[in-house]
Amino acid sequence: MRATLVKYDEPLKGEGDGMGEFTRRVRGGDIAGPLRRAFTPEKWHRAFRDLPAPDDEDQDMHAAGLLLHEKLEAIRGVLKLSASDEISATTKLRAFLAIANYDFFVTRDKTKLEIEKFQAKREDVPDEVYALEEMAGVKLTLPGGFEWMPNEIVESLVDGSELPIRVVLQANPNLAGNPRMNQVQWAEAGRELNLGILYRFAEDVWDDCLWNSYKVMDKGQVKVFLPRDIDVLRAYRIGLARRTSLSMSFNMIATQFQRDALAKGARLGVREVCGIERRGKRQIIKVAKHGDATELIEELSVLRTHAAEPYYGELLVERLESLQGLTLSALIDAWMVISRASHVLVQSIGEKHVRNIGDDRVHAWMPEYAPTLQVEALVDALAAAAGINKPEGRRIVEFFTFRGAAEQEIWAQPLVPVGPETVVPVFAAVVSPNLRRLVDVWLRQAGVDLGRRGPAFEAHIRKLATDAIRGSKLLSPVAACITNDYTFRPAGGRDEQIDLIFSIGNTVFVAEAKCILEPTDAKGIAMHRKTVLSAAEQALRKVKSIEDNRAAFVGDARRFGMVLTEDFKVRPLVIVSTSTHVGVSALTVPVIDEFILGRFLDGELEDIAYRPGDPSSSKRFKVRFYSNADEAEERAPDYFASPPQMKRFIEGVHPRVVPIYPANESDWAGCILTMDCVTGGVPLSLQEQASSAIEEDPTAPVAYEDQVN
């Protein structure tokens with residue numbers, strides 16, 4: 001299937017900007033869409049009919065709403081176990097959790113096999129490649145014949161389990177009494193988990209239609225959903241791949257740094273969970289002595305560091321009234337303990353899992369995949385491992401317990417209650433999630449105004465630029481950065497507040513900095529795009545204000561040590577806190593992040609050829625962007641417009657057609673066009689080296705190799 005690429009500098013359809021009235025009202029909530037209880041086909045038809053002159057997007061929205069409602073109704077119509085009155089709530093919950101956790105093990109096993117195949121094929125490939133990134137792109141073939149990435153399967157297990165669990169919990173059932181697992185039809189439980197996955201997928205398709213202007217082509221029993229603007233997907237998928245790459249790099253460097261610190265006597269802030277045992281009816285989660293640590297707790301500590309952005313500052317330690325005085329820092333520490341306790345359960349079940357394979361007595365071993373944790377044992381473990389007092393520990397465990405409330409999600413609340421004082425962890429959610437995203441979710445759930453991060457992020461970016469320029473032998477004599485929030489006040493014009501403004505030689509860069517949540521759903525993608533385009537408009541307006549008042553700006557800038565002539569050049573930038581949209585211009589304005597900015601001001605980019613298990617022997621390859629101040633000024637605009645380190649991500653994007661399965665024999669099937677981004681290949685420094693050797697280009701960046709000491 002081929003798709004026509006649309007440039008990102010097209011104007012965004014916003015409220016009253018080329019958008020049909022029907023679409024605007026559905027987005028605004030005035031007309032109930034198919035995910036809301038108030039939706040009926042009759043009301044939907046009436047609302048569409050009563051509005052004047054529907055445009056093409058309105059027509060697509062109307063058709064998509066009816067189709068997705070039809071599929072959601074079909075799914076709800078075949079749910080049996082979750083709605084059954086004959087089986088107790090705790091039995092149903094344990095059944096769904098057992099199936100989801102079992103599938104987590106199956107996915108892990110299949111992933112291990114595929115990675116072994118990948119490594120076998122790559123035995124003769126040199127170390128100097130992004131092998132880990134390519135390995136992250138392996139896919140598993142599931143029943144039905146379609147290939148999925150392991151992380152997609154894990155995400156679907158979490159998202160899919162949420163529907164049946166929420167159905168059971170929405171009636172606030174009594175969870176007392178022993179489960180009767182012999183009542184469970186395991187094939188039906190597995191079917192409902194798959195239906196939950198399909199339901200969540202259908203919701204996502206609708207949200208893409210609603211927020212990202214997908215249109216539907218009706219081919220009878222087959223429906224095809226196509227994006228109107230495929231660059232929205234490109235920006236998002238590139239961001240996902242880049243985020244994975246940055247996380248890998250951070251983890252490698254931080255792990256080695258942490259190991260060196262531990263070897264010198266440093267201690268981890270959270271103690272290791274080393275076992276779980278029973279003493280009568282009481283469960284004990286054993287905590288190791290200070291200094292005893294496994295690789296797993298060390299990995300969790302690195303994740304914690306990665307999740308706590310340097311500009312979060314006081315947000316980490318502020319006592320949140322909505323959480324009865326808990327702090328975000330305490331939540332992260334507690335999550336580490338709960339995650340580590342879940343790892344212990346995974347290890348214990350894993351020993352039995354090998355024996356269960358091939359055993360057709362499913363009723364005998366499947367319940368083992370829903371192991372319980374006693375709330376009091378978790379509270380005791382939080383006190384011993386993280387120093388959290390017991391009253392706070394109870395509130396934290398309750399915070400992490402999924403009750404089916406509207407604002408909750410299993411990713412953020414991975415403990416599901418199965419008794420008055422017992423919970424079962426959803427392994428796929430608690431063992432290896434995106435902790436950086438969870439921190440943002442917890443802040444939102446706690447009612448914290450995320451807009452407070454904006455000024456802190458802006459100050460962080462200004463400090464990064466200021467420190468890099470001052471520390472550069474090449475740039476410090478010719479470059480300057482205004483260290484504080486700056487407002488340009490031209491005579492007769494509007495005041496313009498500028499988040500970041502710096503100069504290299506006679507070129508001034510005006511940057512709009514945006515601290516945004518990393519998008520994880522269709523609406524988030526749309527809102528992120530809208531924010532970036534708005535930032536680009538602001539940057540262009542501020543550039544024009546400076547260009548229209550050159551003499552005034554030259555005089556004002558001199559106060560901050562920025563020496564310019566009146567023929568100086570001005571370039572706009574947008575700097576985002578996310579990976580999404582980086583490397584894809586908005587309204588012709590380059591969109592970058594702190595890493596791309598920092599690397600240029602540092603003057604070089606470093607790649608690491610990482611050797612698993614022996615990071616100290618890894619090789620580092622560096623590429624220099626300029627060798628003198630004149631080159632820095634000349635090359636900066638092109639670098640920001642097309643960051644060379646983003647090239648492999650942009651080239652790694654390709655279309656992908658994903659199937660939409662029918663819920664039953666009478667339901668429709670279809671597909672949706674989306675995008676994938678799989679990266680890898682040779683580091684930039686080696687590419688430049690080869691290119692320079694072939695072309696004998698004297699202006700090519702200088703590449704050189706270091707051995708890590």
# chains A, B, ... in the order shown; residues from 1 in each chain; ligands from 1
$ residues_around --residues "A:Val574" --least-positions-apart "6" --cutoff "7 Å" --atoms "only C-alpha atoms" --output "list in words"
Ala511, Glu512, Ala513, Ala535, Ala536, Val589, Pro590, Val591 and Ile592 of chain A
$ residues_around --residues "A:Gly137" --least-positions-apart "4" --cutoff "12 Å" --atoms "only C-alpha atoms" --output "list in words"
Thr111, Glu114, Ile115, Phe118, Tyr130, Ala131, Leu132, Glu133, Glu147, Trp148, Met149, Pro150, Asn151, Glu152, Leu240, Ala241, Thr244, Ser245, Gly652, Asp676, Cys677, Val678, Thr679 and Gly680 of chain A
$ write_last_selection --atoms "N, CA and C atoms" --output "CSV table (one decimal), in the first residue's frame"
chain,number,residue,atom,x,y,z
A,111,THR,N,10.4,-14.1,22.5
A,111,THR,CA,11.4,-13.0,22.2
A,111,THR,C,12.8,-13.5,22.4
A,114,GLU,N,13.8,-15.4,19.3
A,114,GLU,CA,14.1,-14.6,18.1
A,114,GLU,C,15.4,-13.8,18.2
A,115,ILE,N,15.7,-13.4,19.5
A,115,ILE,CA,16.9,-12.7,19.7
A,115,ILE,C,18.1,-13.6,19.4
A,118,PHE,N,18.6,-13.8,15.8
A,118,PHE,CA,19.1,-12.5,15.3
A,118,PHE,C,20.7,-12.5,15.6
A,130,TYR,N,24.8,-0.4,15.4
A,130,TYR,CA,23.8,-0.2,16.4
A,130,TYR,C,23.0,-1.6,16.5
A,131,ALA,N,23.7,-2.6,16.9
A,131,ALA,CA,23.1,-3.9,16.9
A,131,ALA,C,21.9,-4.0,17.9
A,132,LEU,N,22.1,-3.3,19.1
A,132,LEU,CA,21.0,-3.4,20.1
A,132,LEU,C,19.7,-2.8,19.6
A,133,GLU,N,19.8,-1.7,18.8
A,133,GLU,CA,18.7,-1.1,18.2
A,133,GLU,C,18.0,-1.9,17.2
A,147,GLU,N,2.9,-10.3,12.2
A,147,GLU,CA,4.1,-10.1,13.0
A,147,GLU,C,3.9,-8.9,13.9
A,148,TRP,N,4.3,-9.0,15.1
A,148,TRP,CA,4.3,-7.9,16.1
A,148,TRP,C,5.6,-7.8,16.8
A,149,MET,N,6.0,-6.6,17.2
A,149,MET,CA,7.1,-6.4,18.1
A,149,MET,C,6.8,-6.9,19.5
A,150,PRO,N,7.8,-7.4,20.2
A,150,PRO,CA,7.5,-7.9,21.6
A,150,PRO,C,6.9,-6.8,22.5
A,151,ASN,N,7.4,-5.5,22.3
A,151,ASN,CA,6.8,-4.5,23.2
A,151,ASN,C,5.4,-4.2,22.8
A,152,GLU,N,5.0,-4.4,21.6
A,152,GLU,CA,3.6,-4.2,21.2
A,152,GLU,C,2.7,-5.3,21.8
A,240,LEU,N,9.5,7.6,18.9
A,240,LEU,CA,9.5,6.3,19.7
A,240,LEU,C,10.9,5.6,19.5
A,241,ALA,N,11.4,5.5,18.3
A,241,ALA,CA,12.7,4.9,18.0
A,241,ALA,C,13.8,5.7,18.7
A,244,THR,N,13.9,5.1,22.4
A,244,THR,CA,14.5,3.8,22.7
A,244,THR,C,16.0,3.9,22.7
A,245,SER,N,16.5,4.6,21.6
A,245,SER,CA,18.0,4.7,21.4
A,245,SER,C,18.6,5.5,22.6
A,652,GLY,N,14.6,5.1,8.6
A,652,GLY,CA,14.1,3.9,9.1
A,652,GLY,C,12.6,3.8,9.1
A,676,ASP,N,6.1,2.3,10.9
A,676,ASP,CA,7.1,1.7,11.8
A,676,ASP,C,8.4,2.4,11.6
A,677,CYS,N,9.2,2.4,12.6
A,677,CYS,CA,10.6,2.9,12.5
A,677,CYS,C,11.6,2.0,13.1
A,678,VAL,N,12.4,1.3,12.3
A,678,VAL,CA,13.4,0.4,12.8
A,678,VAL,C,14.7,1.0,12.4
A,679,THR,N,15.6,1.2,13.4
A,679,THR,CA,16.9,1.8,13.1
A,679,THR,C,18.0,0.8,13.3
A,680,GLY,N,19.2,1.3,13.1
A,680,GLY,CA,20.4,0.5,13.3
A,680,GLY,C,21.5,1.0,12.3
$ atom_distance --atom1 "atom CA of A:Pro637" --atom2 "atom CA of A:Arg243"
23.8 Å
$ select_by_dssp --residues "stretch 308-445 of chain A" --states "strand (DSSP E)" --output "MDAnalysis selection string"
chainID A and resid 373:374 415:419 422:425
$ closest_residue --among "A:Met675, A:Val397, A:Ala171, A:Ser213" --to "A:Met19" --atoms "only C-alpha atoms"
A:Ser213
$ select_by_dssp --residues "stretch 29-196 of chain A" --states "helix (DSSP H, G or I)" --output "count of residues only"
105
$ residues_around --residues "A:Ala100" --least-positions-apart "2" --cutoff "10 Å" --atoms "only C-alpha atoms" --output "JSON list (two decimals) with C-alpha atoms, in the first residue's frame"
[["chain", "number", "residue", "atom", "x", "y", "z"],
["A", 94, "ARG", "CA", -7.53, -14.30, 39.13],
["A", 95, "ALA", "CA", -8.44, -16.05, 35.88],
["A", 96, "PHE", "CA", -7.84, -12.93, 33.76],
["A", 97, "LEU", "CA", -4.62, -12.12, 35.62],
["A", 98, "ALA", "CA", -3.35, -15.69, 35.23],
["A", 102, "TYR", "CA", 1.00, -16.57, 31.34],
["A", 103, "ASP", "CA", 1.02, -14.78, 27.99],
["A", 104, "PHE", "CA", 3.75, -12.52, 29.37],
["A", 105, "PHE", "CA", 5.92, -15.63, 29.88],
["A", 106, "VAL", "CA", 5.09, -16.94, 26.41],
["A", 154, "VAL", "CA", 3.35, -6.69, 26.08],
["A", 156, "SER", "CA", -1.57, -5.19, 24.36],
["A", 157, "LEU", "CA", -1.55, -7.64, 27.28],
["A", 158, "VAL", "CA", -1.74, -4.77, 29.75],
["A", 160, "GLY", "CA", -6.36, -5.76, 26.88],
["A", 161, "SER", "CA", -6.57, -7.10, 30.43],
["A", 189, "ALA", "CA", -10.85, -16.53, 29.80],
["A", 190, "GLY", "CA", -8.22, -16.38, 27.07],
["A", 193, "LEU", "CA", -8.43, -11.27, 27.10],
["A", 194, "ASN", "CA", -8.14, -11.24, 23.30],
["A", 369, "TYR", "CA", 0.33, -17.49, 37.18],
["A", 370, "ALA", "CA", -1.77, -15.25, 39.46],
["A", 426, "VAL", "CA", 0.25, -7.59, 36.29],
["A", 427, "PHE", "CA", 3.74, -8.73, 35.29],
["A", 428, "ALA", "CA", 3.78, -6.99, 31.91]]
$ residues_around --residues "stretch 275-278 of chain A" --least-positions-apart "3" --cutoff "10 Å" --atoms "only C-alpha atoms" --output "ChimeraX atom specification"
/A:272,281-288,340-345,348,373,377
$ write_last_selection --atoms "N, CA and C atoms" --output "PDB file, in the first residue's frame"
ATOM      1  N   GLU A 272      17.555  -4.252  48.291  1.00  0.00           N
ATOM      2  CA  GLU A 272      17.144  -5.373  47.447  1.00  0.00           C
ATOM      3  C   GLU A 272      16.061  -6.228  48.109  1.00  0.00           C
ATOM      4  N   LYS A 281      -0.021 -18.154  58.001  1.00  0.00           N
ATOM      5  CA  LYS A 281      -0.853 -17.438  57.035  1.00  0.00           C
ATOM      6  C   LYS A 281      -0.232 -16.109  56.615  1.00  0.00           C
ATOM      7  N   ARG A 282       0.862 -15.761  57.246  1.00  0.00           N
ATOM      8  CA  ARG A 282       1.477 -14.461  57.002  1.00  0.00           C
ATOM      9  C   ARG A 282       2.558 -14.569  55.941  1.00  0.00           C
ATOM     10  N   GLN A 283       2.546 -13.631  55.005  1.00  0.00           N
ATOM     11  CA  GLN A 283       3.561 -13.570  53.946  1.00  0.00           C
ATOM     12  C   GLN A 283       4.674 -12.609  54.373  1.00  0.00           C
ATOM     13  N   ILE A 284       5.897 -12.976  54.093  1.00  0.00           N
ATOM     14  CA  ILE A 284       7.052 -12.142  54.417  1.00  0.00           C
ATOM     15  C   ILE A 284       7.822 -11.853  53.127  1.00  0.00           C
ATOM     16  N   ILE A 285       8.009 -10.579  52.826  1.00  0.00           N
ATOM     17  CA  ILE A 285       8.856 -10.172  51.704  1.00  0.00           C
ATOM     18  C   ILE A 285      10.213  -9.811  52.293  1.00  0.00           C
ATOM     19  N   LYS A 286      11.207 -10.629  52.009  1.00  0.00           N
ATOM     20  CA  LYS A 286      12.522 -10.492  52.637  1.00  0.00           C
ATOM     21  C   LYS A 286      13.344  -9.407  51.926  1.00  0.00           C
ATOM     22  N   VAL A 287      14.015  -8.598  52.732  1.00  0.00           N
ATOM     23  CA  VAL A 287      14.825  -7.498  52.221  1.00  0.00           C
ATOM     24  C   VAL A 287      16.275  -7.727  52.618  1.00  0.00           C
ATOM     25  N   ALA A 288      17.176  -7.566  51.660  1.00  0.00           N
ATOM     26  CA  ALA A 288      18.595  -7.832  51.900  1.00  0.00           C
ATOM     27  C   ALA A 288      19.247  -6.705  52.696  1.00  0.00           C
ATOM     28  N   ARG A 340      10.476  -5.039  42.192  1.00  0.00           N
ATOM     29  CA  ARG A 340      11.454  -6.074  42.547  1.00  0.00           C
ATOM     30  C   ARG A 340      10.769  -7.284  43.179  1.00  0.00           C
ATOM     31  N   ALA A 341       9.740  -7.040  44.012  1.00  0.00           N
ATOM     32  CA  ALA A 341       8.983  -8.161  44.588  1.00  0.00           C
ATOM     33  C   ALA A 341       8.308  -8.961  43.475  1.00  0.00           C
ATOM     34  N   SER A 342       7.808  -8.266  42.463  1.00  0.00           N
ATOM     35  CA  SER A 342       7.177  -8.945  41.331  1.00  0.00           C
ATOM     36  C   SER A 342       8.199  -9.759  40.552  1.00  0.00           C
ATOM     37  N   HIS A 343       9.433  -9.236  40.433  1.00  0.00           N
ATOM     38  CA  HIS A 343      10.506  -9.997  39.788  1.00  0.00           C
ATOM     39  C   HIS A 343      10.744 -11.322  40.505  1.00  0.00           C
ATOM     40  N   VAL A 344      10.692 -11.288  41.842  1.00  0.00           N
ATOM     41  CA  VAL A 344      10.889 -12.514  42.611  1.00  0.00           C
ATOM     42  C   VAL A 344       9.797 -13.527  42.266  1.00  0.00           C
ATOM     43  N   LEU A 345       8.555 -13.049  42.148  1.00  0.00           N
ATOM     44  CA  LEU A 345       7.454 -13.935  41.762  1.00  0.00           C
ATOM     45  C   LEU A 345       7.667 -14.484  40.353  1.00  0.00           C
ATOM     46  N   SER A 348      10.212 -17.211  40.444  1.00  0.00           N
ATOM     47  CA  SER A 348       9.670 -18.433  41.043  1.00  0.00           C
ATOM     48  C   SER A 348       8.765 -19.173  40.061  1.00  0.00           C
ATOM     49  N   LEU A 373       0.179 -11.104  46.535  1.00  0.00           N
ATOM     50  CA  LEU A 373       1.011 -10.396  47.498  1.00  0.00           C
ATOM     51  C   LEU A 373       0.079  -9.854  48.576  1.00  0.00           C
ATOM     52  N   ALA A 377       2.337  -7.344  53.856  1.00  0.00           N
ATOM     53  CA  ALA A 377       3.715  -7.716  53.520  1.00  0.00           C
ATOM     54  C   ALA A 377       4.377  -6.638  52.667  1.00  0.00           C
TER      55      ALA A 377
END
$ residues_around --residues "A:Thr520" --least-positions-apart "2" --cutoff "12 Å" --atoms "only C-alpha atoms" --output "list in words"
Glu155, Asp204, Asp207, Tyr236, Arg237, Gly239, Leu240, Trp411, Asn434, Arg436, Arg437, Leu438, Asp440, Val441, Ile516, Leu517, Glu518, Ala522, Lys523, Gly524, Ile525, Ala526, Met527, His528, Thr578, Ser579 and Thr580 of chain A
$ residues_around --residues "A:Pro572" --least-positions-apart "2" --cutoff "7 Å" --atoms "only C-alpha atoms" --output "ChimeraX atom specification"
/A:509-511,539-540,543,570,589
$ closest_atom_pairs --of "stretch 230-308 of chain A" --to "stretch 582-588 of chain A" --cutoff "10 Å" --atoms "only C-alpha atoms" --output "Markdown table"
| residue | atom | partner | partner_atom | distance |
| --- | --- | --- | --- | --- |
| A:Asp231 | CA | A:Val584 | CA | 8.6 |
| A:Val232 | CA | A:Val584 | CA | 9.7 |
| A:Arg234 | CA | A:Val584 | CA | 8.4 |
| A:Ala235 | CA | A:Val584 | CA | 6.3 |
| A:Tyr236 | CA | A:Val582 | CA | 9.1 |
| A:Ile238 | CA | A:Val582 | CA | 7.9 |
| A:Gly239 | CA | A:Val582 | CA | 6.7 |
| A:Arg242 | CA | A:Val582 | CA | 8.8 |
$ residues_around --residues "stretch 58-75 of chain A" --least-positions-apart "4" --cutoff "6 Å" --atoms "only C-alpha atoms" --output "list in words"
Gly20, Phe22, Thr23, Pro34, Pro54, Lys215 and Ala663 of chain A
$ write_last_selection --atoms "N, CA and C atoms" --output "PDB file, in the first residue's frame"
ATOM      1  N   GLY A  20     -14.850  20.888   9.900  1.00  0.00           N
ATOM      2  CA  GLY A  20     -16.299  20.873   9.832  1.00  0.00           C
ATOM      3  C   GLY A  20     -16.931  21.014  11.209  1.00  0.00           C
ATOM      4  N   PHE A  22     -19.447  19.412  12.536  1.00  0.00           N
ATOM      5  CA  PHE A  22     -19.723  18.136  13.182  1.00  0.00           C
ATOM      6  C   PHE A  22     -18.456  17.607  13.883  1.00  0.00           C
ATOM      7  N   THR A  23     -17.326  17.632  13.175  1.00  0.00           N
ATOM      8  CA  THR A  23     -16.067  17.182  13.759  1.00  0.00           C
ATOM      9  C   THR A  23     -15.700  18.025  14.968  1.00  0.00           C
ATOM     10  N   PRO A  34     -18.699   7.253  19.878  1.00  0.00           N
ATOM     11  CA  PRO A  34     -19.020   5.840  20.159  1.00  0.00           C
ATOM     12  C   PRO A  34     -18.380   5.285  21.434  1.00  0.00           C
ATOM     13  N   PRO A  54     -21.775  19.556   5.802  1.00  0.00           N
ATOM     14  CA  PRO A  54     -20.661  18.748   6.298  1.00  0.00           C
ATOM     15  C   PRO A  54     -19.560  18.647   5.247  1.00  0.00           C
ATOM     16  N   LYS A 215      -9.405   8.590   7.781  1.00  0.00           N
ATOM     17  CA  LYS A 215     -10.630   8.401   7.014  1.00  0.00           C
ATOM     18  C   LYS A 215     -10.844   6.916   6.769  1.00  0.00           C
ATOM     19  N   ALA A 663     -14.905  -9.567  15.748  1.00  0.00           N
ATOM     20  CA  ALA A 663     -15.185 -10.125  17.076  1.00  0.00           C
ATOM     21  C   ALA A 663     -15.963 -11.431  16.982  1.00  0.00           C
TER      22      ALA A 663
END
$ atom_distance --atom1 "atom CA of A:Phe250" --atom2 "atom CA of A:Lys647"
20.1 Å
$ atom_distance --atom1 "atom CA of A:Asp380" --atom2 "atom CA of A:Arg395"
12.7 Å
$ closest_residue --among "A:Ile99, A:Leu198, A:Asp467, A:Leu320" --to "A:Asn664" --atoms "only C-alpha atoms"
A:Leu198
$ closest_residue --among "A:Leu601, A:Met366, A:Ile501, A:Leu443" --to "A:Lys473" --atoms "only C-alpha atoms"
A:Leu601
